[in-house]
file protein.pdb (PDB, C-alpha atoms)
ATOM      1  CA  MET A 227       4.109  12.854 -10.830  1.00  0.00           C
ATOM      2  CA  SER A 228       6.596  14.406  -8.427  1.00  0.00           C
ATOM      3  CA  ALA A 229       9.364  16.951  -8.203  1.00  0.00           C
ATOM      4  CA  ARG A 230      11.820  14.082  -8.389  1.00  0.00           C
ATOM      5  CA  THR A 231      11.980  10.326  -8.151  1.00  0.00           C
ATOM      6  CA  GLU A 232      14.994   8.535  -6.748  1.00  0.00           C
ATOM      7  CA  THR A 233      15.783   4.888  -6.140  1.00  0.00           C
ATOM      8  CA  HIS A 234      17.034   3.438  -2.896  1.00  0.00           C
ATOM      9  CA  ALA A 235      17.935  -0.104  -1.864  1.00  0.00           C
ATOM     10  CA  PHE A 236      16.620  -1.034   1.548  1.00  0.00           C
ATOM     11  CA  VAL A 237      17.658  -4.382   3.060  1.00  0.00           C
ATOM     12  CA  GLY A 238      15.388  -7.235   4.082  1.00  0.00           C
ATOM     13  CA  ALA A 239      15.907 -10.827   5.174  1.00  0.00           C
ATOM     14  CA  ALA A 240      16.259 -11.939   1.535  1.00  0.00           C
ATOM     15  CA  GLY A 241      18.570  -9.069   0.570  1.00  0.00           C
ATOM     16  CA  ARG A 242      17.970  -5.960  -1.505  1.00  0.00           C
ATOM     17  CA  ILE A 243      14.531  -4.312  -1.507  1.00  0.00           C
ATOM     18  CA  ASP A 244      14.597  -2.049  -4.541  1.00  0.00           C
ATOM     19  CA  CYS A 245      12.433   1.035  -4.024  1.00  0.00           C
ATOM     20  CA  ALA A 246      11.474   4.167  -5.894  1.00  0.00           C
ATOM     21  CA  ILE A 247      10.804   7.227  -3.758  1.00  0.00           C
ATOM     22  CA  ASP A 248       8.652   9.977  -5.267  1.00  0.00           C
ATOM     23  CA  TRP A 249       9.303  13.294  -3.554  1.00  0.00           C
ATOM     24  CA  PRO A 250       6.940  16.287  -3.472  1.00  0.00           C
ATOM     25  CA  ALA A 251       8.106  19.673  -4.699  1.00  0.00           C
ATOM     26  CA  GLY A 252       8.385  21.179  -1.222  1.00  0.00           C
ATOM     27  CA  THR A 253       9.404  19.844   2.158  1.00  0.00           C
ATOM     28  CA  PRO A 254       7.439  16.619   2.730  1.00  0.00           C
ATOM     29  CA  ARG A 255       4.858  16.668   5.504  1.00  0.00           C
ATOM     30  CA  GLY A 256       5.094  12.902   5.878  1.00  0.00           C
ATOM     31  CA  TRP A 257       5.432   9.813   3.743  1.00  0.00           C
ATOM     32  CA  ALA A 258       3.566   6.888   2.235  1.00  0.00           C
ATOM     33  CA  LEU A 259       4.314   3.229   1.578  1.00  0.00           C
ATOM     34  CA  VAL A 260       2.504   1.990  -1.540  1.00  0.00           C
ATOM     35  CA  LEU A 261       2.487  -1.734  -2.345  1.00  0.00           C
ATOM     36  CA  HIS A 262       2.026  -3.418  -5.712  1.00  0.00           C
ATOM     37  CA  PRO A 263       0.011  -6.453  -6.921  1.00  0.00           C
ATOM     38  CA  HIS A 264       1.059 -10.098  -7.261  1.00  0.00           C
ATOM     39  CA  PRO A 265       4.745 -10.482  -8.222  1.00  0.00           C
ATOM     40  CA  LEU A 266       4.128 -13.716 -10.146  1.00  0.00           C
ATOM     41  CA  GLN A 267       1.419 -12.102 -12.256  1.00  0.00           C
ATOM     42  CA  GLY A 268       3.365  -9.100 -13.498  1.00  0.00           C
ATOM     43  CA  GLY A 269       2.916  -6.927 -10.421  1.00  0.00           C
ATOM     44  CA  ALA A 270       5.547  -4.230  -9.974  1.00  0.00           C
ATOM     45  CA  ARG A 271       5.912  -0.730  -8.582  1.00  0.00           C
ATOM     46  CA  GLU A 272       5.161   0.774 -12.021  1.00  0.00           C
ATOM     47  CA  ASN A 273       1.606  -0.624 -11.953  1.00  0.00           C
ATOM     48  CA  LYS A 274      -0.886   2.115 -12.898  1.00  0.00           C
ATOM     49  CA  VAL A 275      -2.965   1.756  -9.738  1.00  0.00           C
ATOM     50  CA  VAL A 276       0.204   1.981  -7.636  1.00  0.00           C
ATOM     51  CA  THR A 277       1.447   5.072  -9.467  1.00  0.00           C
ATOM     52  CA  THR A 278      -2.030   6.628  -9.164  1.00  0.00           C
ATOM     53  CA  LEU A 279      -1.923   6.111  -5.399  1.00  0.00           C
ATOM     54  CA  SER A 280       1.612   7.483  -5.242  1.00  0.00           C
ATOM     55  CA  ARG A 281       0.673  10.535  -7.289  1.00  0.00           C
ATOM     56  CA  ALA A 282      -2.203  11.340  -4.941  1.00  0.00           C
ATOM     57  CA  CYS A 283       0.110  11.039  -1.947  1.00  0.00           C
ATOM     58  CA  VAL A 284       2.786  13.243  -3.508  1.00  0.00           C
ATOM     59  CA  GLN A 285       0.211  15.895  -4.360  1.00  0.00           C
ATOM     60  CA  HIS A 286      -0.756  15.840  -0.685  1.00  0.00           C
ATOM     61  CA  GLY A 287       2.829  16.602   0.303  1.00  0.00           C
ATOM     62  CA  LEU A 288       3.965  13.074   1.090  1.00  0.00           C
ATOM     63  CA  ALA A 289       7.102  11.285  -0.052  1.00  0.00           C
ATOM     64  CA  ALA A 290       5.813   8.048  -1.605  1.00  0.00           C
ATOM     65  CA  VAL A 291       7.895   4.881  -1.318  1.00  0.00           C
ATOM     66  CA  ARG A 292       7.132   2.241  -3.981  1.00  0.00           C
ATOM     67  CA  PRO A 293       9.016  -1.005  -3.295  1.00  0.00           C
ATOM     68  CA  ASN A 294       9.402  -3.928  -5.641  1.00  0.00           C
ATOM     69  CA  PHE A 295       8.593  -7.127  -3.771  1.00  0.00           C
ATOM     70  CA  ARG A 296      10.958 -10.097  -3.698  1.00  0.00           C
ATOM     71  CA  GLY A 297      12.021 -11.280  -7.140  1.00  0.00           C
ATOM     72  CA  VAL A 298      10.723  -8.180  -8.952  1.00  0.00           C
ATOM     73  CA  GLY A 299      13.145  -5.821 -10.679  1.00  0.00           C
ATOM     74  CA  LEU A 300      16.337  -5.561  -8.651  1.00  0.00           C
ATOM     75  CA  SER A 301      14.763  -6.839  -5.432  1.00  0.00           C
ATOM     76  CA  GLU A 302      16.335 -10.075  -4.239  1.00  0.00           C
ATOM     77  CA  GLY A 303      14.638 -13.219  -2.980  1.00  0.00           C
ATOM     78  CA  THR A 304      11.654 -15.195  -4.223  1.00  0.00           C
ATOM     79  CA  PHE A 305       7.903 -14.901  -3.757  1.00  0.00           C
ATOM     80  CA  ASP A 306       6.916 -15.798  -0.184  1.00  0.00           C
ATOM     81  CA  LYS A 307       3.106 -15.648  -0.205  1.00  0.00           C
ATOM     82  CA  SER A 308       3.068 -12.366   1.772  1.00  0.00           C
ATOM     83  CA  VAL A 309       5.005 -13.714   4.782  1.00  0.00           C
ATOM     84  CA  GLY A 310       8.503 -12.592   3.794  1.00  0.00           C
ATOM     85  CA  GLU A 311       7.093  -9.579   2.002  1.00  0.00           C
ATOM     86  CA  THR A 312       5.488  -8.363   5.235  1.00  0.00           C
ATOM     87  CA  GLN A 313       8.782  -8.744   7.086  1.00  0.00           C
ATOM     88  CA  ASP A 314      10.471  -6.806   4.279  1.00  0.00           C
ATOM     89  CA  MET A 315       8.005  -3.941   4.595  1.00  0.00           C
ATOM     90  CA  LEU A 316       8.572  -3.762   8.350  1.00  0.00           C
ATOM     91  CA  ALA A 317      12.269  -3.415   7.510  1.00  0.00           C
ATOM     92  CA  VAL A 318      11.486  -0.657   4.997  1.00  0.00           C
ATOM     93  CA  VAL A 319       9.486   1.255   7.630  1.00  0.00           C
ATOM     94  CA  ALA A 320      12.308   1.029  10.154  1.00  0.00           C
ATOM     95  CA  GLN A 321      15.025   1.923   7.642  1.00  0.00           C
ATOM     96  CA  MET A 322      13.023   4.768   6.120  1.00  0.00           C
ATOM     97  CA  ARG A 323      12.773   6.324   9.578  1.00  0.00           C
ATOM     98  CA  GLU A 324      16.527   5.897  10.076  1.00  0.00           C
ATOM     99  CA  LEU A 325      17.366   7.287   6.641  1.00  0.00           C
ATOM    100  CA  HIS A 326      15.042  10.281   7.056  1.00  0.00           C
ATOM    101  CA  PRO A 327      14.807  11.065  10.792  1.00  0.00           C
ATOM    102  CA  GLU A 328      12.887  14.240   9.985  1.00  0.00           C
ATOM    103  CA  LEU A 329      10.023  11.964   8.883  1.00  0.00           C
ATOM    104  CA  ALA A 330      10.304   9.437  11.719  1.00  0.00           C
ATOM    105  CA  GLN A 331       7.558  11.085  13.794  1.00  0.00           C
ATOM    106  CA  ALA A 332       5.675  12.567  10.852  1.00  0.00           C
ATOM    107  CA  PRO A 333       2.286  11.288   9.672  1.00  0.00           C
ATOM    108  CA  TRP A 334       2.428   8.464   7.147  1.00  0.00           C
ATOM    109  CA  VAL A 335       0.012   6.297   5.239  1.00  0.00           C
ATOM    110  CA  LEU A 336       0.029   2.696   4.101  1.00  0.00           C
ATOM    111  CA  ALA A 337      -1.625   1.635   0.854  1.00  0.00           C
ATOM    112  CA  GLY A 338      -1.788  -1.494  -1.251  1.00  0.00           C
ATOM    113  CA  PHE A 339      -3.384  -2.855  -4.396  1.00  0.00           C
ATOM    114  CA  SER A 340      -4.525  -6.480  -4.846  1.00  0.00           C
ATOM    115  CA  PHE A 341      -1.795  -8.752  -3.365  1.00  0.00           C
ATOM    116  CA  GLY A 342      -0.287  -5.605  -1.894  1.00  0.00           C
ATOM    117  CA  THR A 343      -3.359  -5.210   0.325  1.00  0.00           C
ATOM    118  CA  ALA A 344      -2.490  -8.428   2.165  1.00  0.00           C
ATOM    119  CA  VAL A 345       1.021  -7.179   2.842  1.00  0.00           C
ATOM    120  CA  ALA A 346      -0.281  -3.740   3.840  1.00  0.00           C
ATOM    121  CA  ALA A 347      -2.872  -5.148   6.258  1.00  0.00           C
ATOM    122  CA  GLN A 348      -0.360  -7.517   7.835  1.00  0.00           C
ATOM    123  CA  THR A 349       2.257  -4.779   8.088  1.00  0.00           C
ATOM    124  CA  TYR A 350      -0.231  -2.529   9.886  1.00  0.00           C
ATOM    125  CA  ALA A 351      -1.237  -5.333  12.252  1.00  0.00           C
ATOM    126  CA  ALA A 352       2.401  -6.215  13.011  1.00  0.00           C
ATOM    127  CA  LEU A 353       3.257  -2.603  13.815  1.00  0.00           C
ATOM    128  CA  ALA A 354       0.225  -2.372  16.106  1.00  0.00           C
ATOM    129  CA  ASP A 355       1.180  -5.628  17.823  1.00  0.00           C
ATOM    130  CA  GLN A 356       4.705  -4.286  18.352  1.00  0.00           C
ATOM    131  CA  GLY A 357       3.320  -1.176  20.027  1.00  0.00           C
ATOM    132  CA  ASP A 358       4.653   1.139  17.338  1.00  0.00           C
ATOM    133  CA  THR A 359       4.052   4.726  18.452  1.00  0.00           C
ATOM    134  CA  VAL A 360       3.585   6.131  14.941  1.00  0.00           C
ATOM    135  CA  LEU A 361       0.991   3.944  13.257  1.00  0.00           C
ATOM    136  CA  PRO A 362      -0.208   4.950   9.778  1.00  0.00           C
ATOM    137  CA  SER A 363      -2.712   7.790   9.765  1.00  0.00           C
ATOM    138  CA  ALA A 364      -4.567   5.963   7.004  1.00  0.00           C
ATOM    139  CA  LEU A 365      -4.710   2.403   5.677  1.00  0.00           C
ATOM    140  CA  MET A 366      -5.970   2.170   2.097  1.00  0.00           C
ATOM    141  CA  LEU A 367      -6.759  -1.138   0.385  1.00  0.00           C
ATOM    142  CA  MET A 368      -7.588  -1.130  -3.340  1.00  0.00           C
ATOM    143  CA  GLY A 369      -9.018  -4.222  -5.004  1.00  0.00           C
ATOM    144  CA  PRO A 370      -8.388  -6.021  -1.712  1.00  0.00           C
ATOM    145  CA  ALA A 371      -7.244  -9.623  -1.814  1.00  0.00           C
ATOM    146  CA  VAL A 372      -6.289  -9.826   1.851  1.00  0.00           C
ATOM    147  CA  ASN A 373      -8.199 -13.034   2.476  1.00  0.00           C
ATOM    148  CA  ARG A 374      -6.248 -14.894  -0.215  1.00  0.00           C
ATOM    149  CA  PHE A 375      -2.817 -14.188   1.172  1.00  0.00           C
ATOM    150  CA  GLN A 376      -3.004 -13.346   4.869  1.00  0.00           C
ATOM    151  CA  SER A 377      -0.836 -15.714   6.903  1.00  0.00           C
ATOM    152  CA  HIS A 378      -2.736 -15.032  10.123  1.00  0.00           C
ATOM    153  CA  GLU A 379      -5.778 -13.158  11.356  1.00  0.00           C
ATOM    154  CA  VAL A 380      -5.278  -9.403  11.294  1.00  0.00           C
ATOM    155  CA  GLN A 381      -7.008  -6.428  12.822  1.00  0.00           C
ATOM    156  CA  VAL A 382      -7.203  -3.208  10.825  1.00  0.00           C
ATOM    157  CA  PRO A 383      -8.571   0.211  11.801  1.00  0.00           C
ATOM    158  CA  ASP A 384     -12.283   0.908  11.533  1.00  0.00           C
ATOM    159  CA  ASP A 385     -11.626   3.795   9.140  1.00  0.00           C
ATOM    160  CA  THR A 386      -9.685   1.683   6.640  1.00  0.00           C
ATOM    161  CA  LEU A 387     -10.483   2.802   3.091  1.00  0.00           C
ATOM    162  CA  MET A 388     -11.468  -0.225   0.999  1.00  0.00           C
ATOM    163  CA  VAL A 389     -12.211   0.376  -2.676  1.00  0.00           C
ATOM    164  CA  HIS A 390     -13.373  -2.389  -4.999  1.00  0.00           C
ATOM    165  CA  GLY A 391     -14.484  -2.574  -8.598  1.00  0.00           C
ATOM    166  CA  GLU A 392     -18.068  -3.643  -9.197  1.00  0.00           C
ATOM    167  CA  GLU A 393     -16.971  -5.905 -12.056  1.00  0.00           C
ATOM    168  CA  ASP A 394     -13.658  -7.107 -10.587  1.00  0.00           C
ATOM    169  CA  GLU A 395     -12.778 -10.206 -12.607  1.00  0.00           C
ATOM    170  CA  VAL A 396      -9.833 -11.256 -10.398  1.00  0.00           C
ATOM    171  CA  VAL A 397     -11.190 -10.795  -6.872  1.00  0.00           C
ATOM    172  CA  PRO A 398     -15.004 -10.936  -6.898  1.00  0.00           C
ATOM    173  CA  LEU A 399     -16.745  -8.175  -4.990  1.00  0.00           C
ATOM    174  CA  SER A 400     -18.419 -10.814  -2.824  1.00  0.00           C
ATOM    175  CA  GLU A 401     -14.982 -11.974  -1.616  1.00  0.00           C
ATOM    176  CA  ALA A 402     -14.017  -8.473  -0.524  1.00  0.00           C
ATOM    177  CA  MET A 403     -17.359  -8.116   1.234  1.00  0.00           C
ATOM    178  CA  ASP A 404     -16.838 -11.422   3.052  1.00  0.00           C
ATOM    179  CA  TRP A 405     -13.553 -10.110   4.445  1.00  0.00           C
ATOM    180  CA  ALA A 406     -14.948  -6.689   5.331  1.00  0.00           C
ATOM    181  CA  ARG A 407     -18.215  -7.865   6.881  1.00  0.00           C
ATOM    182  CA  PRO A 408     -16.932  -9.333  10.183  1.00  0.00           C
ATOM    183  CA  ARG A 409     -14.728  -6.269  10.610  1.00  0.00           C
ATOM    184  CA  SER A 410     -17.595  -3.828   9.905  1.00  0.00           C
ATOM    185  CA  ILE A 411     -15.447  -1.981   7.366  1.00  0.00           C
ATOM    186  CA  PRO A 412     -17.375  -0.096   4.667  1.00  0.00           C
ATOM    187  CA  VAL A 413     -16.472  -0.959   1.076  1.00  0.00           C
ATOM    188  CA  VAL A 414     -16.562   1.751  -1.578  1.00  0.00           C
ATOM    189  CA  VAL A 415     -17.724   0.120  -4.821  1.00  0.00           C
ATOM    190  CA  VAL A 416     -16.769   1.820  -8.085  1.00  0.00           C
ATOM    191  CA  PRO A 417     -19.553   1.109 -10.607  1.00  0.00           C
ATOM    192  CA  GLY A 418     -18.370  -0.659 -13.738  1.00  0.00           C
ATOM    193  CA  ALA A 419     -14.760  -0.909 -12.568  1.00  0.00           C
ATOM    194  CA  SER A 420     -12.583  -3.925 -13.261  1.00  0.00           C
ATOM    195  CA  HIS A 421      -9.831  -5.230 -10.994  1.00  0.00           C
ATOM    196  CA  PHE A 422      -7.308  -2.835 -12.504  1.00  0.00           C
ATOM    197  CA  PHE A 423      -9.758   0.098 -12.486  1.00  0.00           C
ATOM    198  CA  HIS A 424      -9.385   0.640 -16.247  1.00  0.00           C
ATOM    199  CA  GLY A 425     -10.948   3.990 -17.115  1.00  0.00           C
ATOM    200  CA  LYS A 426     -11.649   4.612 -13.411  1.00  0.00           C
ATOM    201  CA  LEU A 427      -8.254   5.730 -12.142  1.00  0.00           C
ATOM    202  CA  LEU A 428      -9.419   9.330 -11.768  1.00  0.00           C
ATOM    203  CA  VAL A 429     -12.254   8.167  -9.507  1.00  0.00           C
ATOM    204  CA  LEU A 430      -9.789   6.101  -7.500  1.00  0.00           C
ATOM    205  CA  ARG A 431      -7.446   9.043  -7.173  1.00  0.00           C
ATOM    206  CA  GLN A 432     -10.251  11.297  -5.942  1.00  0.00           C
ATOM    207  CA  LEU A 433     -11.249   8.761  -3.296  1.00  0.00           C
ATOM    208  CA  VAL A 434      -7.653   8.564  -2.072  1.00  0.00           C
ATOM    209  CA  GLN A 435      -7.296  12.350  -2.025  1.00  0.00           C
ATOM    210  CA  ALA A 436     -10.477  12.662   0.030  1.00  0.00           C
ATOM    211  CA  ARG A 437      -9.175  10.097   2.545  1.00  0.00           C
ATOM    212  CA  LEU A 438      -5.819  11.836   2.777  1.00  0.00           C
ATOM    213  CA  LYS A 439      -7.515  15.162   3.427  1.00  0.00           C
ATOM    214  CA  VAL A 440      -9.430  13.677   6.362  1.00  0.00           C
ATOM    215  CA  ALA A 441      -6.368  11.882   7.729  1.00  0.00           C
ATOM    216  CA  LEU A 442      -3.798  14.620   7.376  1.00  0.00           C
ATOM    217  CA  ASP A 443      -5.430  18.039   7.211  1.00  0.00           C
TER     218      ASP A 443
END

call {"tool": "encode", "arguments": {"input": "protein.pdb", "output": "structure tokens"}}
result
Amino acid sequence: MSARTETHAFVGAAGRIDCAIDWPAGTPRGWALVLHPHPLQGGARENKVVTTLSRACVQHGLAAVRPNFRGVGLSEGTFDKSVGETQDMLAVVAQMRELHPELAQAPWVLAGFSFGTAVAAQTYAALADQGDTVLPSALMLMGPAVNRFQSHEVQVPDDTLMVHGEEDEVVPLSEAMDWARPRSIPVVVVPGASHFFHGKLLVLRQLVQARLKVALD
């Protein structure tokens, strides 16, 4: 998956944010923040969709940060319906830049799966609202469930990559379309795919690689 994977504890309002960082073989050209599905339904940074996204980022020369949300693994705190989790990810972004100043001005991408899409979208919107000068070069939402967990209305970039399974049994395709429609964001539908993209992870990976190529090359 990467040349090496290390763990690092960032600090949020609820305490430790336990993260894995997957490093590329050479000098990283940037980094990625990849967010996992619902913590109360078994979501964790080892989720196969999350590791697929991370692998694609690493192969594109990015260092991929995979946090565990509150209450998962060694991360402290309890589930906060995306509110506290968003604040935690803003802390991760700031601390990642401090820990690795060589990446502070480098391109980076923000990706999420299922519940993680709500946190990713809100993190992007918060950074934009704060006037952050290095916004993500790409926002990627897989099996998006933003509408279920967003704490406030958010604006995301027009070129956001949204990928949804045709036969998603957790978040119906119609729900993703309802969220995308007023924002005029195209939705890439993977035929026959379930919520967890069983048997379709290669397709998902190729879609992410294509988006990264456009965003970073």

call {"tool": "axis_aligned_box", "arguments": {"input": "protein.pdb", "around": "segment 246-260 of chain A", "padding_each_side": "3 Å", "output": "lines of an AutoDock Vina configuration file"}}
result
center_x = 7.0
center_y = 11.6
center_z = 0.0
size_x = 15.0
size_y = 25.2
size_z = 17.8

call {"tool": "resolve_selection", "arguments": {"input": "protein.pdb", "expression": "the PyMOL selection byres ((chain A and resi 380-388) around 9)", "output": "ChimeraX atom specification"}}
result
/A:347-348,350-352,354,364-370,376-379,389-390,402,406,409-415,433-434,437

call {"tool": "residues_around", "arguments": {"input": "protein.pdb", "residues": "Gln432 of chain A", "least_positions_apart": "2", "cutoff": "12 Å", "atoms": "only C-alpha atoms", "output": "JSON, numbers by chain"}}
result
{"A": [278, 279, 281, 282, 283, 285, 286, 389, 416, 426, 427, 428, 429, 430, 434, 435, 436, 437, 438, 439]}

call {"tool": "closest_residue", "arguments": {"input": "protein.pdb", "among": "A:Thr304, A:Asn273, A:Asn294, A:Gln267", "to": "Ala246 of chain A", "atoms": "only C-alpha atoms"}}
result
A:Asn294

call {"tool": "closest_residue", "arguments": {"input": "protein.pdb", "among": "A:Gln356, A:Ser340, A:Asn373, A:Thr349", "to": "Pro263 of chain A", "atoms": "all atoms listed in the file"}}
result
A:Ser340

call {"tool": "resolve_selection", "arguments": {"input": "protein.pdb", "expression": "the PyMOL selection byres ((chain A and resi 330) around 10)", "output": "list in words"}}
result
Gly256, Trp257, Val319, Ala320, Gln321, Met322, Arg323, Glu324, Leu325, His326, Pro327, Glu328, Leu329, Gln331, Ala332, Pro333, Trp334 and Val360 of chain A
